[in-house]
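Have a look at upload13.txt; it's compact mmCIF, C-alpha atoms:
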```
# COMPACT_ATOMS: atom_id res chain seq x y z
CA MET M 11 -1.82 -24.38 19.67
CA THR M 12 -5.50 -24.51 18.65
CA HIS M 13 -6.74 -23.57 15.15
CA LEU M 14 -3.22 -24.01 13.78
CA PRO M 15 -4.12 -24.42 10.07
CA TYR M 16 -6.07 -21.15 10.11
CA ILE M 17 -3.28 -19.30 11.89
CA VAL M 18 -0.62 -20.69 9.54
CA GLY M 19 -2.85 -19.75 6.59
CA ALA M 20 -3.20 -16.13 7.75
CA TYR M 21 0.50 -15.65 8.57
CA GLY M 22 1.52 -17.49 5.39
CA MET M 23 -0.67 -15.21 3.31
CA ALA M 24 0.96 -12.14 4.92
CA VAL M 25 4.48 -13.41 4.24
CA ALA M 26 3.64 -14.56 0.69
CA LEU M 27 1.93 -11.30 -0.33
CA GLY M 28 4.61 -9.11 1.26
CA GLY M 29 7.42 -11.18 -0.21
CA TRP M 30 5.82 -11.27 -3.66
CA PHE M 31 5.39 -7.50 -3.82
CA ALA M 32 8.88 -6.83 -2.41
CA VAL M 33 10.59 -9.13 -4.92
CA ALA M 34 8.47 -7.77 -7.79
CA ALA M 35 9.39 -4.17 -6.89
CA TRP M 36 13.07 -5.04 -6.58
CA LEU M 37 13.13 -6.89 -9.95
CA ARG M 38 11.25 -4.06 -11.64
CA THR M 39 13.69 -1.46 -10.34
CA ARG M 40 16.70 -3.58 -11.35
CA ARG M 41 15.33 -4.17 -14.86
CA ALA M 42 14.57 -0.46 -15.35
CA ARG M 43 18.01 0.54 -14.07
CA ARG M 44 19.77 -1.94 -16.37
CA ARG M 45 17.76 -0.91 -19.42
CA LEU M 46 18.44 2.75 -18.65
CA ALA M 47 22.15 2.01 -18.34
CA ALA M 48 22.09 0.18 -21.69
CA ILE M 49 20.39 3.06 -23.47
CA ASP M 50 21.92 6.06 -21.76
CA PRO M 51 25.67 5.67 -21.10
CA ARG M 52 25.57 8.53 -18.57
CA THR M 53 23.66 6.30 -16.17
CA ARG M 54 26.64 3.94 -15.95
CA ARG M 55 28.75 6.50 -14.12
CA MET T 197 22.11 7.97 -8.87
CA VAL T 198 22.83 9.43 -12.28
CA ALA T 199 19.65 7.80 -13.52
CA ALA T 200 17.92 9.69 -10.78
CA VAL T 201 19.36 12.97 -11.96
CA ASN T 202 18.52 12.21 -15.57
CA ALA T 203 14.97 11.33 -14.69
CA SER T 204 14.43 14.93 -13.68
CA THR T 205 14.20 15.86 -17.34
CA THR T 206 11.19 13.57 -17.81
CA LEU T 207 8.89 15.55 -15.58
CA ALA T 208 10.04 19.13 -15.41
CA PRO T 209 9.15 20.90 -12.16
CA PRO T 210 7.08 24.08 -12.43
CA SER T 211 8.77 27.45 -12.23
CA ARG T 212 7.86 28.19 -8.59
CA ASP T 213 10.40 25.57 -7.63
CA GLY T 214 11.58 25.63 -4.02
CA ARG T 215 8.69 27.39 -2.35
CA THR T 216 5.69 25.24 -3.00
CA LEU T 217 4.61 21.65 -3.09
CA HIS T 218 5.87 21.50 -6.67
CA ARG T 219 9.52 21.37 -5.66
CA PHE T 220 8.87 17.72 -4.80
CA ALA T 221 7.65 17.17 -8.37
CA ASN T 222 11.27 16.89 -9.41
CA PRO T 223 11.75 13.14 -9.94
CA GLY T 224 15.52 13.45 -9.62
CA GLN T 225 15.11 14.93 -6.15
CA PHE T 226 12.52 12.28 -5.29
CA LEU T 227 14.75 9.43 -6.49
CA ARG T 228 17.75 10.75 -4.56
CA LEU T 229 15.73 11.14 -1.37
CA THR T 230 14.01 7.75 -1.62
CA GLY T 231 17.27 6.04 -2.60
CA TRP T 232 18.65 7.14 0.76
CA LEU T 233 15.39 6.51 2.64
CA LEU T 234 14.35 3.10 1.33
CA PRO T 235 16.95 0.93 3.12
CA TRP T 236 15.95 2.51 6.44
CA LEU T 237 12.24 2.12 5.78
CA THR T 238 12.78 -1.51 4.76
CA ALA T 239 14.75 -2.22 7.92
CA VAL T 240 12.10 -0.65 10.18
CA ALA T 241 9.33 -2.49 8.30
CA LEU T 242 11.06 -5.86 8.63
CA ILE T 243 12.00 -5.40 12.29
CA CYS T 244 8.58 -4.13 13.40
CA THR T 245 6.56 -6.61 11.33
CA GLY T 246 8.79 -9.54 12.29
CA THR T 247 8.80 -8.68 15.99
CA GLY T 248 5.08 -7.91 16.10
CA LEU T 249 4.01 -11.07 14.27
CA LEU T 250 6.38 -13.38 16.17
CA TRP T 251 5.33 -11.80 19.47
CA GLY T 252 1.69 -12.26 18.53
CA LEU T 253 2.27 -15.81 17.34
CA PHE T 254 4.35 -17.20 20.22
CA TRP T 255 4.32 -14.96 23.27
CA ALA T 256 1.04 -13.05 23.36
CA PRO T 257 -1.62 -14.78 25.45
CA ALA T 258 -4.46 -16.75 23.89
CA ASP T 259 -7.99 -15.43 24.33
CA HIS T 260 -10.26 -17.26 26.78
CA GLU T 261 -13.04 -17.51 24.17
CA GLN T 262 -11.25 -17.50 20.82
CA LEU T 263 -8.28 -19.49 22.11
CA ASP T 264 -5.31 -19.29 19.70
CA ALA T 265 -7.44 -18.11 16.76
CA VAL T 266 -7.06 -14.62 18.26
CA ARG T 267 -3.49 -14.64 16.87
CA ILE T 268 -4.93 -14.06 13.39
CA MET T 269 -5.80 -10.57 14.70
CA TYR T 270 -2.09 -9.59 14.47
CA VAL T 271 -2.31 -9.98 10.69
CA HIS T 272 -5.95 -9.02 10.11
CA VAL T 273 -6.18 -5.72 12.01
CA PRO T 274 -2.88 -4.18 10.75
CA ALA T 275 -3.82 -5.22 7.19
CA ALA T 276 -7.22 -3.53 7.56
CA TRP T 277 -5.70 -0.32 8.99
CA THR T 278 -3.09 -0.21 6.24
CA ALA T 279 -5.65 -0.85 3.48
CA LEU T 280 -7.81 2.02 4.79
CA THR T 281 -4.87 4.40 5.22
CA GLY T 282 -3.62 3.41 1.77
CA TYR T 283 -6.93 4.40 0.21
CA LEU T 284 -6.87 7.68 2.14
CA LEU T 285 -3.42 8.34 0.66
CA LEU T 286 -4.78 7.46 -2.78
CA ALA T 287 -7.54 10.04 -2.28
CA VAL T 288 -4.98 12.65 -1.11
CA CYS T 289 -2.82 11.95 -4.19
CA SER T 290 -5.94 12.34 -6.33
CA VAL T 291 -6.72 15.76 -4.82
CA VAL T 292 -3.11 16.85 -5.32
CA SER T 293 -3.25 15.53 -8.90
CA LEU T 294 -6.55 17.22 -9.79
CA VAL T 295 -5.88 20.54 -8.05
CA TRP T 296 -2.14 21.06 -8.52
CA ARG T 297 -1.47 18.69 -11.45
CA HIS T 298 1.41 17.28 -9.47
CA PRO T 299 3.07 14.64 -11.71
CA LEU T 300 4.51 12.60 -8.84
CA ALA T 301 1.06 12.36 -7.27
CA ASP T 302 -0.18 10.67 -10.45
CA VAL T 303 2.66 8.14 -10.48
CA ALA T 304 2.30 7.48 -6.73
CA ALA T 305 -1.48 6.98 -7.10
CA VAL T 306 -0.93 4.39 -9.84
CA GLU T 307 1.50 2.50 -7.60
CA ILE T 308 -0.63 2.73 -4.44
CA GLY T 309 -3.49 0.86 -6.14
CA PRO T 310 -2.03 -2.68 -6.40
CA VAL T 311 -0.32 -2.47 -2.98
CA GLY T 312 -3.52 -1.28 -1.32
CA ALA T 313 -5.48 -4.04 -3.07
CA ALA T 314 -2.99 -6.61 -1.72
CA PHE T 315 -3.43 -5.37 1.87
CA THR T 316 -7.21 -5.48 1.40
CA VAL T 317 -6.97 -9.07 0.16
CA LEU T 318 -4.86 -9.88 3.20
CA CYS T 319 -7.48 -8.31 5.49
CA LEU T 320 -10.37 -10.15 3.82
CA GLY T 321 -8.47 -13.44 3.60
CA SER T 322 -7.24 -13.44 7.19
CA GLY T 323 -10.71 -12.36 8.36
CA SER T 324 -12.19 -15.27 6.47
CA LEU T 325 -9.66 -17.64 8.05
CA TRP T 326 -10.69 -16.33 11.46
CA GLY T 327 -14.42 -16.42 10.66
CA ARG T 328 -14.46 -20.08 9.69
CA PRO T 329 -13.60 -21.46 13.16
CA MET T 330 -15.23 -18.60 15.14
CA TRP T 331 -18.48 -17.95 13.25
CA GLY T 332 -18.65 -21.26 11.39
CA THR T 333 -18.56 -19.56 7.98
CA TRP T 334 -15.91 -18.24 5.61
CA TRP T 335 -18.00 -15.23 4.65
CA ALA T 336 -21.09 -13.31 5.77
CA TRP T 337 -22.71 -10.35 4.00
CA ASP T 338 -22.12 -8.25 7.07
CA ALA T 339 -21.84 -4.44 6.75
CA ARG T 340 -18.15 -4.31 7.75
CA MET T 341 -17.11 -7.18 5.48
CA THR T 342 -19.20 -6.00 2.54
CA SER T 343 -17.89 -2.42 2.76
CA MET T 344 -14.35 -3.82 2.93
CA LEU T 345 -15.05 -5.88 -0.18
CA VAL T 346 -16.27 -2.69 -1.86
CA LEU T 347 -12.92 -1.11 -0.94
CA PHE T 348 -11.16 -4.00 -2.67
CA PHE T 349 -13.23 -3.44 -5.83
CA LEU T 350 -12.49 0.29 -5.65
CA TYR T 351 -8.77 -0.47 -5.58
CA LEU T 352 -9.17 -2.88 -8.51
CA GLY T 353 -11.28 -0.32 -10.38
CA HIS T 354 -8.57 2.30 -9.91
CA VAL T 355 -5.86 -0.12 -11.07
CA ALA T 356 -7.85 -0.95 -14.21
CA LEU T 357 -9.04 2.60 -14.96
CA VAL T 358 -5.65 4.36 -14.88
CA ARG T 359 -4.34 1.76 -17.34
CA ALA T 360 -7.38 1.81 -19.62
CA PHE T 361 -6.50 4.95 -21.61
CA ASP T 362 -3.88 5.42 -24.31
CA ASP T 363 -3.48 8.97 -23.05
CA LEU T 364 -1.85 8.65 -19.61
CA GLU T 365 -3.18 12.00 -18.42
CA ARG T 366 -6.79 11.00 -19.10
CA GLY T 367 -6.22 7.77 -17.18
CA TYR T 368 -4.81 9.71 -14.22
CA ARG T 369 -7.78 12.11 -14.18
CA ALA T 370 -10.34 9.30 -14.42
CA GLY T 371 -8.56 7.32 -11.69
CA ALA T 372 -8.39 10.39 -9.45
CA ILE T 373 -12.13 11.02 -9.79
CA LEU T 374 -12.90 7.36 -9.03
CA ALA T 375 -10.60 7.45 -5.99
CA LEU T 376 -12.31 10.59 -4.65
CA VAL T 377 -15.81 9.23 -5.18
CA GLY T 378 -14.78 5.93 -3.60
CA ALA T 379 -13.43 7.71 -0.51
CA VAL T 380 -17.02 7.80 0.75
CA ASP T 381 -16.53 4.10 1.55
CA LEU T 382 -13.91 4.91 4.23
CA PRO T 383 -16.30 6.36 6.87
CA ILE T 384 -18.80 3.64 5.97
CA ILE T 385 -16.18 0.97 6.79
CA LYS T 386 -15.14 2.76 9.97
CA PHE T 387 -18.63 3.32 11.35
CA SER T 388 -20.37 0.26 9.86
CA VAL T 389 -20.12 -1.56 13.19
CA ASP T 390 -21.82 1.38 14.95
CA TRP T 391 -24.47 2.21 12.33
CA TRP T 392 -25.67 -1.34 11.72
CA ASN T 393 -26.13 -4.42 13.82
CA THR T 394 -23.19 -6.38 12.46
CA LEU T 395 -21.66 -9.77 13.08
CA HIS T 396 -18.26 -8.09 13.10
CA GLN T 397 -17.22 -6.88 16.56
CA PRO T 398 -16.89 -3.12 17.23
CA ALA T 399 -13.50 -1.42 17.52
CA SER T 400 -11.42 -2.43 20.54
CA ILE T 401 -8.97 0.44 20.09
CA THR T 402 -10.03 4.07 19.71
CA PHE T 403 -8.09 7.32 19.45
CA THR T 404 -10.14 8.99 22.16
CA GLY T 405 -10.93 6.28 24.69
CA ALA T 406 -8.96 3.60 26.47
CA SER T 407 -8.33 0.33 24.65
CA SER T 408 -10.40 -2.65 25.72
CA LEU T 409 -7.58 -4.91 24.56
CA TYR T 410 -5.28 -6.51 27.12
CA VAL T 411 -1.91 -4.73 27.08
CA GLY T 412 -0.07 -7.98 26.34
CA MET T 413 -2.03 -8.17 23.09
CA LEU T 414 -2.03 -4.44 22.37
CA TRP T 415 1.74 -4.03 22.07
CA PRO T 416 2.38 -6.76 19.48
CA LEU T 417 -0.65 -5.49 17.55
CA LEU T 418 0.66 -1.92 17.48
CA LEU T 419 4.14 -3.15 16.56
CA ALA T 420 2.79 -5.25 13.69
CA ALA T 421 0.64 -2.32 12.54
CA THR T 422 3.71 -0.02 12.55
CA GLY T 423 5.56 -2.63 10.50
CA PHE T 424 2.69 -2.91 8.03
CA TYR T 425 2.56 0.88 7.62
CA PHE T 426 6.31 1.05 6.98
CA GLY T 427 6.01 -1.96 4.66
CA PHE T 428 3.29 -0.22 2.70
CA ALA T 429 5.39 2.96 2.42
CA THR T 430 8.44 0.94 1.36
CA LEU T 431 6.56 -0.95 -1.35
CA VAL T 432 4.86 2.16 -2.73
CA LEU T 433 8.10 4.17 -2.77
CA ALA T 434 10.03 1.31 -4.41
CA ARG T 435 7.35 0.90 -7.08
CA THR T 436 7.20 4.67 -7.65
CA ARG T 437 10.98 4.75 -8.14
CA ALA T 438 10.74 1.95 -10.70
CA ALA T 439 7.87 3.73 -12.47
CA LEU T 440 9.89 6.96 -12.74
CA MET T 441 12.84 5.08 -14.21
CA GLU T 442 10.51 3.39 -16.72
CA ARG T 443 9.16 6.82 -17.69
CA ARG T 444 12.67 8.07 -18.29
CA LEU T 445 13.33 4.98 -20.38
CA ARG T 446 10.24 5.58 -22.52
CA THR T 447 11.22 9.21 -23.03
CA LEU T 448 14.71 8.24 -24.17
CA LEU T 449 13.40 5.57 -26.53
CA LEU T 450 10.88 7.99 -28.01
CA ALA T 451 13.58 10.63 -28.51
CA ARG T 452 15.77 8.06 -30.26
CA ALA T 453 12.94 6.93 -32.49
CA GLN T 454 12.21 10.56 -33.45
CA GLU T 455 15.89 11.16 -34.19
CA ALA T 456 16.01 8.08 -36.40
CA ALA T 457 12.84 9.05 -38.30
```
Produce C-alpha cells that represent the structure in this file.
Amino acid sequence: MTHLPYIVGAYGMAVALGGWFAVAAWLRTRRARRRLAAIDPRTRR
Amino acid sequence: MVAAVNASTTLAPPSRDGRTLHRFANPGQFLRLTGWLLPWLTAVALICTGTGLLWGLFWAPADHEQLDAVRIMYVHVPAAWTALTGYLLLAVCSVVSLVWRHPLADVAAVEIGPVGAAFTVLCLGSGSLWGRPMWGTWWAWDARMTSMLVLFFLYLGHVALVRAFDDLERGYRAGAILALVGAVDLPIIKFSVDWWNTLHQPASITFTGASSLYVGMLWPLLLAATGFYFGFATLVLARTRAALMERRLRTLLLARAQEAA
C-alpha cells in the first residue's frame, strides 16, 4: 500500500478523536448519575 | 431512569405542553427517549463507520493518479460533511433558542460545539495528511481550506462564548447570535470551489447530478458518512444527557444550600 504513514495517520486520528469523545461522554454521564444518586436517594430506585 | 424523571423539574416545560415544539423541552421525556435510543444509534454508528472505513481501507480500489492516498477520502469527506451539518444544526438550535426560548436547544447547542470542532479538526487534519503527498504541502491558503478553518474558529468561538458568562442565559444568547452570524460561512465553504479558482478539487458527488466517483468508491464513502452522522448524533445526545443530569445536580445542591442557610 502506498502512502501508508499518511493513511494510518488519518484513520488513527479518526479512531482517536471518536474514541476520546465517546469515552469522555460515557465517563461524564456515569459521574453525573453517581453524584445524583448520592445526593438524591430517589435516583437509586 | 428516575434521574431522568427528576430532571424534568429542572427545566419546566411551558404550559402548551403536548401540542407544540415545547413538549420536547421536558428533560425527563428527552432523557427517557434518548436512553432508549442511544444504544441503537451507537450500534448503527459503529457498524456503518467500521464497515465503511474498513471497506475503504482494504477493498475499495486505489486511484490511478492518487494511488492509495485516495483512501484518506473515506475519513476526510465524511468528516467535512458532518462538520458542516453539525454547524447547520447549531444554527437551527440557535434559531429555536432565540425565537422559542427552548431550553433543550440551548443545552444541545453547547454540546454540539466541541463535537463539531472535533469533526472539523478531523477534516482539516486528514486533508493535510492527503495534501502533503499529493500537493507537496501540508497547508495552502486555498478558499476551501481557509473557509473550513474559519468554521473551526467559529466552533471554538461558540464553545468559548457560551462558557464566558456567569449568567448562563446570556451565554446562550451570545452563542446563538455568533452561531447565526457564522452560518454565512456554510455556503462559502460549499461554493468556494465554484466561486474561486481553488487548489481543492470541486465536488464529485451532488444531490442533483450523477456522481463522478466510481461506484466501488462511492458505497464505502456513503457508508462511512452515514456512520459519521450517526456517530455525531450519538455523541451530541450522550453529552446532552450528561449536561441535563449535571443541571439537575446543580439545582439539588443549590436547594440544599438554601435550606441550610
Could you list the residues in chain T lying within 6 Å of chain M, using all atoms listed in the file, and format the result as a PDB file with C-alpha atoms, in the frame of the given file?
```pdb
ATOM      1  CA  VAL T 198      22.830   9.430 -12.280  1.00  0.00           C
ATOM      2  CA  ALA T 199      19.650   7.800 -13.520  1.00  0.00           C
ATOM      3  CA  ASP T 264      -5.310 -19.290  19.700  1.00  0.00           C
ATOM      4  CA  ALA T 265      -7.440 -18.110  16.760  1.00  0.00           C
ATOM      5  CA  ILE T 268      -4.930 -14.060  13.390  1.00  0.00           C
ATOM      6  CA  SER T 322      -7.240 -13.440   7.190  1.00  0.00           C
ATOM      7  CA  LEU T 325      -9.660 -17.640   8.050  1.00  0.00           C
ATOM      8  CA  ARG T 435       7.350   0.900  -7.080  1.00  0.00           C
ATOM      9  CA  ALA T 438      10.740   1.950 -10.700  1.00  0.00           C
ATOM     10  CA  MET T 441      12.840   5.080 -14.210  1.00  0.00           C
ATOM     11  CA  GLU T 442      10.510   3.390 -16.720  1.00  0.00           C
ATOM     12  CA  LEU T 445      13.330   4.980 -20.380  1.00  0.00           C
TER      13      LEU T 445
END
```
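Taking atom CA of Gln225 of chain T and atom CA of Leu448 of chain T as the two end points, the separation is 19.2 Å.
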Selection near segment 300-314 of chain T, 9 Å with all atoms listed in the file, sequence-local residues under 5 positions removed, as a PyMOL selection string = (chain M and resi 27-28+31) or (chain T and resi 207+220-223+226+278-283+285-293+319+347-355+358-359+365+368-369+371-372+428+431-433+435-436+439-440)
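Considering the residues T:Gly423, T:Gly412, T:Pro329, T:Gly224 and counting all atoms listed in the file, Glu261 of chain T has its shortest atom-to-atom contact with T:Pro329.
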Which one is closest to Leu418 of chain T: T:Ala356, T:Leu237, T:Val271, T:Ala336? Count only C-alpha atoms.
-> T:Val271
So how far away is atom CA of Met341 of chain T from atom CA of Asp390 of chain T, in Å?
-> 13.6 Å
Centre, edges in Å (one decimal): axis-aligned box, segment 233-237 of chain T, 4 Å padding on all six sides, as JSON:
```
{"center_x": 14.6, "center_y": 3.7, "center_z": 3.9, "size_x": 12.7, "size_y": 13.6, "size_z": 13.1}
```
Given the choices T:Leu450, T:Cys244, T:Leu253, T:Ala434, which gets closest to Gly231 of chain T if the distance is worked out from all atoms listed in the file?
-> T:Ala434
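Across the structure, atom CA of Arg437 of chain T and atom CA of Leu364 of chain T are spaced 17.6 Å apart.
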